[in-house]
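**Q** First, the structure itself, so that you have it in front of you.
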Amino acid sequence: PSEGPATTDVFFVGEAPATQEDSLNLPMQGEGGLLLRRAVAEMLPGLGVRYGYVVRCNPPAGRKPTPKERKVCETLWLHRELKKIKPKLIVTLGDTALRSVLGMGGVLKLEGKTFPSPYGPVLVMSAPSYVLRMPEHLPKWKAKLGNVIGILKPVRDITYTLVSDDATARKALAALQGPVVAFDYETTGLKPWLDDILTVGLCDSQERLVCLDLRKISPEVWRGWLRSPVRKVTHGEFEQLWSVGKFGQRMSSWIWDTQIAQKMIDETGPTDLK
């Protein structure tokens, strides 16, 4: 059976119990299960966590459940339990759980991604047993497990200051605090030599949000900030091209390219990096 509180924040769904777990009638008691429990205790304290399986008993000789066994068990138990408990988040552990909940495979390509389902949002993770076989995967596995907090965190209202005059713009830019400030242009198209910049949004390390209307603010105000020593985070070469094309100013202290970071992090697509 599954184990956990009636009010469940996160339901971890594995493939099937091992021999030890079958005899104890408790989930996640083997080496892999205890690895998961330790990681949850370390990274997700205070959450209502439930552990369970697709298949409720240990298959003979510890083999992988057959598609027929999986189908019978998910219909009789897993899907009914998910509908009854209504967890805020389901975490599938391995390919069998992924197929039972979402009806698709490819766990290593999808790991760390979240999908909707009839039972609630689903975070795809590899099984703890895989991490035991591939210990070099552990840091990345734990990092993706840490995404649970962000997924469960309610979306908060975003408040920002809209600025459309030079004096206020200078004060707003001076008030942004480091160590880094991220900014992003909103444009009418993708070609600096044809299209226009409408606004620029900025966010500092204290999550202060400012939106400057660059159609109403003098270019020199923004040009001055671009050449300031403030450490800047932007989305690839896009902002650099527009900064040069529209303001004749390359931004200084550019320290992080979010486009390259995204390509490095995203396992499902080509990186296009030399």
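Residues in the structure tokens are named by chain (A, B, ... in the order shown) and by number from 1 within that chain; ligands are numbered from 1 in the order shown.
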Using DSSP on the backbone coordinates, identify the residues of range 18-233 of chain A assigned to helix (DSSP H, G or I); present them as JSON, numbers by chain.
**A** {"A": [19, 20, 21, 22, 23, 24, 31, 32, 33, 34, 35, 36, 37, 38, 39, 40, 41, 42, 43, 60, 61, 62, 67, 68, 69, 70, 71, 72, 73, 74, 75, 76, 77, 78, 79, 80, 81, 82, 83, 84, 85, 95, 96, 97, 98, 99, 100, 101, 102, 107, 108, 109, 110, 128, 129, 130, 131, 132, 133, 135, 136, 137, 138, 139, 140, 141, 142, 143, 144, 145, 147, 148, 149, 150, 151, 152, 166, 167, 168, 169, 170, 171, 172, 173, 174, 175, 219, 220, 221, 222, 223, 224, 225, 226]}
**Q** Residues within 12 Å of Val72 in chain A, please, as a PDB file with N, CA, C and O atoms, in the first residue's frame. Count only C-alpha atoms; anything in the same chain fewer than 4 positions from it doesn't count.
**A**
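part-v2.pdb written:
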ATOM      1  N   VAL A  54       3.091   1.788  -8.613  1.00  0.00           N
ATOM      2  CA  VAL A  54       2.121   1.396  -9.641  1.00  0.00           C
ATOM      3  C   VAL A  54       1.655  -0.021  -9.366  1.00  0.00           C
ATOM      4  O   VAL A  54       0.459  -0.298  -9.242  1.00  0.00           O
ATOM      5  N   VAL A  55       2.611  -0.936  -9.287  1.00  0.00           N
ATOM      6  CA  VAL A  55       2.325  -2.345  -9.000  1.00  0.00           C
ATOM      7  C   VAL A  55       2.492  -2.562  -7.507  1.00  0.00           C
ATOM      8  O   VAL A  55       3.506  -2.165  -6.935  1.00  0.00           O
ATOM      9  N   ARG A  56       1.523  -3.187  -6.870  1.00  0.00           N
ATOM     10  CA  ARG A  56       1.488  -3.244  -5.406  1.00  0.00           C
ATOM     11  C   ARG A  56       2.263  -4.401  -4.792  1.00  0.00           C
ATOM     12  O   ARG A  56       2.398  -4.454  -3.568  1.00  0.00           O
ATOM     13  N   PRO A  65       7.741  -5.144 -14.106  1.00  0.00           N
ATOM     14  CA  PRO A  65       6.354  -5.531 -14.368  1.00  0.00           C
ATOM     15  C   PRO A  65       6.060  -5.544 -15.867  1.00  0.00           C
ATOM     16  O   PRO A  65       6.562  -4.709 -16.621  1.00  0.00           O
ATOM     17  N   THR A  66       5.254  -6.497 -16.282  1.00  0.00           N
ATOM     18  CA  THR A  66       4.859  -6.538 -17.684  1.00  0.00           C
ATOM     19  C   THR A  66       3.839  -5.429 -17.961  1.00  0.00           C
ATOM     20  O   THR A  66       3.198  -4.915 -17.034  1.00  0.00           O
ATOM     21  N   PRO A  67       3.675  -5.034 -19.225  1.00  0.00           N
ATOM     22  CA  PRO A  67       2.655  -4.033 -19.539  1.00  0.00           C
ATOM     23  C   PRO A  67       1.261  -4.421 -19.057  1.00  0.00           C
ATOM     24  O   PRO A  67       0.496  -3.563 -18.603  1.00  0.00           O
ATOM     25  N   LYS A  68       0.942  -5.719 -19.102  1.00  0.00           N
ATOM     26  CA  LYS A  68      -0.368  -6.168 -18.635  1.00  0.00           C
ATOM     27  C   LYS A  68      -0.497  -5.991 -17.124  1.00  0.00           C
ATOM     28  O   LYS A  68      -1.525  -5.506 -16.626  1.00  0.00           O
ATOM     29  N   LEU A  76      -6.776  -0.694 -11.180  1.00  0.00           N
ATOM     30  CA  LEU A  76      -7.418  -1.120  -9.935  1.00  0.00           C
ATOM     31  C   LEU A  76      -7.058  -0.239  -8.743  1.00  0.00           C
ATOM     32  O   LEU A  76      -7.899  -0.023  -7.858  1.00  0.00           O
ATOM     33  N   TRP A  77      -5.814   0.263  -8.700  1.00  0.00           N
ATOM     34  CA  TRP A  77      -5.365   0.960  -7.491  1.00  0.00           C
ATOM     35  C   TRP A  77      -4.846   2.377  -7.732  1.00  0.00           C
ATOM     36  O   TRP A  77      -5.360   3.322  -7.148  1.00  0.00           O
ATOM     37  N   LEU A  78      -3.834   2.509  -8.560  1.00  0.00           N
ATOM     38  CA  LEU A  78      -3.132   3.792  -8.640  1.00  0.00           C
ATOM     39  C   LEU A  78      -4.056   4.935  -9.066  1.00  0.00           C
ATOM     40  O   LEU A  78      -4.129   5.967  -8.394  1.00  0.00           O
ATOM     41  N   HIS A  79      -4.741   4.795 -10.170  1.00  0.00           N
ATOM     42  CA  HIS A  79      -5.575   5.887 -10.671  1.00  0.00           C
ATOM     43  C   HIS A  79      -6.697   6.228  -9.697  1.00  0.00           C
ATOM     44  O   HIS A  79      -7.033   7.411  -9.513  1.00  0.00           O
ATOM     45  N   SER A 100       2.396   4.944 -16.514  1.00  0.00           N
ATOM     46  CA  SER A 100       1.116   4.730 -15.843  1.00  0.00           C
ATOM     47  C   SER A 100       0.352   6.027 -15.616  1.00  0.00           C
ATOM     48  O   SER A 100      -0.871   6.057 -15.694  1.00  0.00           O
TER      49      SER A 100
END
**Q** Please provide the set of residues having any atom within 12 Å of range 190-194 of chain A, restricted to only C-alpha atoms, with same-chain residues fewer than 5 positions apart removed, written as a VMD selection string.
**A** chain A and resid 185 237 to 248
**Q** Pick the closest to Trp225 in chain A from A:Thr161, A:Ser252, A:Ser23, A:Thr114: which is it, counting only C-alpha atoms?
**A**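 Closest candidate: A:Ser252.
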**Q** I need the residue nearest Leu132 in chain A from this list: A:Pro229, A:Gly46, A:Gly33, A:Gly52. Use only C-alpha atoms for the distance.
**A**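 The closest residue to Leu132 in chain A is A:Gly33.
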**Q** Which residue, A:Gly105, A:Pro179, A:Pro45, A:Gly150, has the smallest gap to Thr92 in chain A when you use only C-alpha atoms?
**A**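 Using only C-alpha atoms, Thr92 in chain A sits closest to A:Gly105.
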**Q** Would you mind listing what lies within 12 Å of range 136-138 of chain A as a list in words, with only C-alpha atoms counted and same-chain residues fewer than 5 positions away left out?
**A**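 The neighbour list is Gly32, Leu35, Leu36, Ala39, Leu108, Glu111, Met125, Ser126, Ala127, Pro128, Ser129, Tyr130, Val131, Ala143, Lys144 and Leu145 of chain A.
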**Q** Mind pulling up the distance from CA of Val148 in chain A to CA of Asp22 in chain A?
**A**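 Calculated distance between CA of Asp22 in chain A and CA of Val148 in chain A is 27.8 Å.
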**Q** Could you give me, as a VMD selection string, the residues within 10 Å of Val180 in chain A, counting only C-alpha atoms and dropping anything in the same chain fewer than 5 positions from it?
**A** chain A and resid 203 to 206 230 to 233 253 to 256
**Q** Convert the current residue selection to file output with all heavy atoms, as a JSON list (two decimals), in the first residue's frame.
**A**
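Written file, part08.json:
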[["chain", "number", "residue", "atom", "x", "y", "z"],
["A", 203, "CYS", "N", 15.01, 43.65, -13.32],
["A", 203, "CYS", "CA", 14.77, 43.04, -12.01],
["A", 203, "CYS", "C", 16.11, 42.89, -11.30],
["A", 203, "CYS", "O", 17.06, 42.36, -11.88],
["A", 203, "CYS", "CB", 14.11, 41.67, -12.18],
["A", 203, "CYS", "SG", 13.77, 40.82, -10.63],
["A", 204, "ASP", "N", 16.19, 43.37, -10.06],
["A", 204, "ASP", "CA", 17.46, 43.27, -9.33],
["A", 204, "ASP", "C", 17.45, 42.08, -8.39],
["A", 204, "ASP", "O", 16.50, 41.28, -8.36],
["A", 204, "ASP", "CB", 17.77, 44.58, -8.60],
["A", 204, "ASP", "CG", 16.84, 44.85, -7.42],
["A", 204, "ASP", "OD1", 15.99, 44.00, -7.09],
["A", 204, "ASP", "OD2", 16.97, 45.94, -6.81],
["A", 205, "SER", "N", 18.50, 41.95, -7.63],
["A", 205, "SER", "CA", 18.66, 40.78, -6.75],
["A", 205, "SER", "C", 17.66, 40.78, -5.60],
["A", 205, "SER", "O", 17.48, 39.76, -4.94],
["A", 205, "SER", "CB", 20.08, 40.73, -6.20],
["A", 205, "SER", "OG", 21.01, 40.61, -7.26],
["A", 206, "GLN", "N", 17.03, 41.90, -5.33],
["A", 206, "GLN", "CA", 15.99, 41.99, -4.29],
["A", 206, "GLN", "C", 14.60, 41.84, -4.89],
["A", 206, "GLN", "O", 13.60, 42.08, -4.22],
["A", 206, "GLN", "CB", 16.10, 43.33, -3.56],
["A", 206, "GLN", "CG", 17.47, 43.63, -3.00],
["A", 206, "GLN", "CD", 17.92, 42.58, -2.03],
["A", 206, "GLN", "OE1", 17.16, 42.17, -1.15],
["A", 206, "GLN", "NE2", 19.16, 42.12, -2.17],
["A", 230, "VAL", "N", 27.32, 48.08, -13.38],
["A", 230, "VAL", "CA", 26.36, 47.11, -12.84],
["A", 230, "VAL", "C", 26.48, 45.80, -13.61],
["A", 230, "VAL", "O", 26.51, 45.81, -14.85],
["A", 230, "VAL", "CB", 24.91, 47.65, -12.95],
["A", 230, "VAL", "CG1", 23.91, 46.59, -12.52],
["A", 230, "VAL", "CG2", 24.76, 48.90, -12.12],
["A", 231, "ARG", "N", 26.56, 44.69, -12.91],
["A", 231, "ARG", "CA", 26.69, 43.38, -13.55],
["A", 231, "ARG", "C", 25.34, 42.99, -14.13],
["A", 231, "ARG", "O", 24.33, 42.97, -13.45],
["A", 231, "ARG", "CB", 27.18, 42.35, -12.55],
["A", 231, "ARG", "CG", 28.53, 42.72, -11.95],
["A", 231, "ARG", "CD", 28.85, 41.87, -10.74],
["A", 231, "ARG", "NE", 29.26, 40.53, -11.12],
["A", 231, "ARG", "CZ", 29.19, 39.49, -10.30],
["A", 231, "ARG", "NH1", 28.69, 39.62, -9.09],
["A", 231, "ARG", "NH2", 29.60, 38.31, -10.70],
["A", 232, "LYS", "N", 25.33, 42.65, -15.42],
["A", 232, "LYS", "CA", 24.07, 42.50, -16.15],
["A", 232, "LYS", "C", 23.85, 41.06, -16.62],
["A", 232, "LYS", "O", 24.79, 40.39, -17.07],
["A", 232, "LYS", "CB", 24.06, 43.45, -17.34],
["A", 232, "LYS", "CG", 24.24, 44.92, -16.94],
["A", 232, "LYS", "CD", 24.45, 45.81, -18.14],
["A", 232, "LYS", "CE", 24.69, 47.26, -17.72],
["A", 232, "LYS", "NZ", 26.01, 47.47, -17.10],
["A", 233, "VAL", "N", 22.60, 40.64, -16.55],
["A", 233, "VAL", "CA", 22.17, 39.34, -17.04],
["A", 233, "VAL", "C", 21.15, 39.58, -18.14],
["A", 233, "VAL", "O", 20.18, 40.32, -17.94],
["A", 233, "VAL", "CB", 21.54, 38.50, -15.91],
["A", 233, "VAL", "CG1", 20.91, 37.24, -16.46],
["A", 233, "VAL", "CG2", 22.58, 38.15, -14.85],
["A", 253, "SER", "N", 29.97, 44.98, -18.48],
["A", 253, "SER", "CA", 29.76, 44.09, -17.32],
["A", 253, "SER", "C", 28.65, 43.07, -17.57],
["A", 253, "SER", "O", 27.84, 42.78, -16.70],
["A", 253, "SER", "CB", 29.44, 44.92, -16.06],
["A", 253, "SER", "OG", 30.43, 45.85, -15.79],
["A", 254, "TRP", "N", 28.62, 42.54, -18.79],
["A", 254, "TRP", "CA", 27.65, 41.48, -19.13],
["A", 254, "TRP", "C", 28.21, 40.17, -18.63],
["A", 254, "TRP", "O", 29.22, 39.69, -19.13],
["A", 254, "TRP", "CB", 27.44, 41.48, -20.63],
["A", 254, "TRP", "CG", 26.49, 40.46, -21.16],
["A", 254, "TRP", "CD1", 25.46, 39.87, -20.51],
["A", 254, "TRP", "CD2", 26.50, 39.90, -22.48],
["A", 254, "TRP", "NE1", 24.80, 39.00, -21.32],
["A", 254, "TRP", "CE2", 25.42, 38.99, -22.55],
["A", 254, "TRP", "CE3", 27.29, 40.08, -23.60],
["A", 254, "TRP", "CZ2", 25.13, 38.26, -23.70],
["A", 254, "TRP", "CZ3", 26.99, 39.36, -24.74],
["A", 254, "TRP", "CH2", 25.93, 38.46, -24.79],
["A", 255, "ILE", "N", 27.59, 39.56, -17.63],
["A", 255, "ILE", "CA", 28.21, 38.41, -16.96],
["A", 255, "ILE", "C", 27.51, 37.08, -17.21],
["A", 255, "ILE", "O", 28.06, 36.03, -16.91],
["A", 255, "ILE", "CB", 28.27, 38.64, -15.43],
["A", 255, "ILE", "CG1", 26.86, 38.73, -14.84],
["A", 255, "ILE", "CG2", 29.10, 39.86, -15.11],
["A", 255, "ILE", "CD1", 26.84, 38.56, -13.35],
["A", 256, "TRP", "N", 26.29, 37.10, -17.71],
["A", 256, "TRP", "CA", 25.59, 35.82, -17.82],
["A", 256, "TRP", "C", 24.62, 35.86, -18.97],
["A", 256, "TRP", "O", 23.85, 36.80, -19.13],
["A", 256, "TRP", "CB", 24.84, 35.51, -16.52],
["A", 256, "TRP", "CG", 24.23, 34.14, -16.47],
["A", 256, "TRP", "CD1", 22.90, 33.82, -16.45],
["A", 256, "TRP", "CD2", 24.91, 32.89, -16.42],
["A", 256, "TRP", "NE1", 22.72, 32.47, -16.40],
["A", 256, "TRP", "CE2", 23.95, 31.87, -16.38],
["A", 256, "TRP", "CE3", 26.26, 32.54, -16.42],
["A", 256, "TRP", "CZ2", 24.29, 30.52, -16.33],
["A", 256, "TRP", "CZ3", 26.59, 31.20, -16.37],
["A", 256, "TRP", "CH2", 25.61, 30.22, -16.32]]
**Q** Just list as a ChimeraX atom specification whatever in range 92-142 of chain A DSSP marks as strand (DSSP E or B).
**A** /A:92-93,114-115,122-125
**Q** Restricting the output to N, CA and C atoms, write the selected residues as a CSV table (one decimal), in the first residue's frame.
**A**
chain,number,residue,atom,x,y,z
A,92,THR,N,6.6,11.1,-10.6
A,92,THR,CA,6.8,9.8,-11.2
A,92,THR,C,8.3,9.4,-11.1
A,93,LEU,N,8.6,8.2,-10.6
A,93,LEU,CA,10.0,7.8,-10.4
A,93,LEU,C,10.2,6.6,-11.4
A,114,THR,N,7.6,19.3,-16.0
A,114,THR,CA,6.3,19.2,-15.4
A,114,THR,C,5.2,19.1,-16.4
A,115,PHE,N,4.3,18.2,-16.3
A,115,PHE,CA,3.2,18.1,-17.2
A,115,PHE,C,1.8,18.0,-16.5
A,122,VAL,N,2.3,16.8,-12.8
A,122,VAL,CA,3.2,15.7,-12.7
A,122,VAL,C,4.7,16.1,-13.0
A,123,LEU,N,5.6,15.9,-12.0
A,123,LEU,CA,7.0,16.1,-12.2
A,123,LEU,C,7.7,14.8,-12.5
A,124,VAL,N,8.4,14.7,-13.6
A,124,VAL,CA,9.1,13.5,-14.1
A,124,VAL,C,10.5,13.4,-13.5
A,125,MET,N,10.7,12.2,-12.8
A,125,MET,CA,12.0,12.0,-12.2
A,125,MET,C,12.5,10.6,-12.6
**Q** Please provide the set of residues having any atom within 7 Å of Pro5 in chain A, restricted to only C-alpha atoms, with same-chain residues fewer than 5 positions apart removed, written as a PyMOL selection string.
**A** chain A and resi 48-50
**Q** Would you work out the distance separating CA of Asn58 in chain A from CA of Pro17 in chain A, expressed in Å to one decimal?
**A**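 Taking CA of Asn58 in chain A and CA of Pro17 in chain A, their separation equals 5.2 Å.
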**Q** Would you pick out the contacts of range 170-177 of chain A at 12 Å or less, using only C-alpha atoms, so that residues sharing its chain but fewer than 2 positions from it are not included, and give the list as a PyMOL selection string?
**A** chain A and resi 160-168+179-183+200-212+217-226+228-232
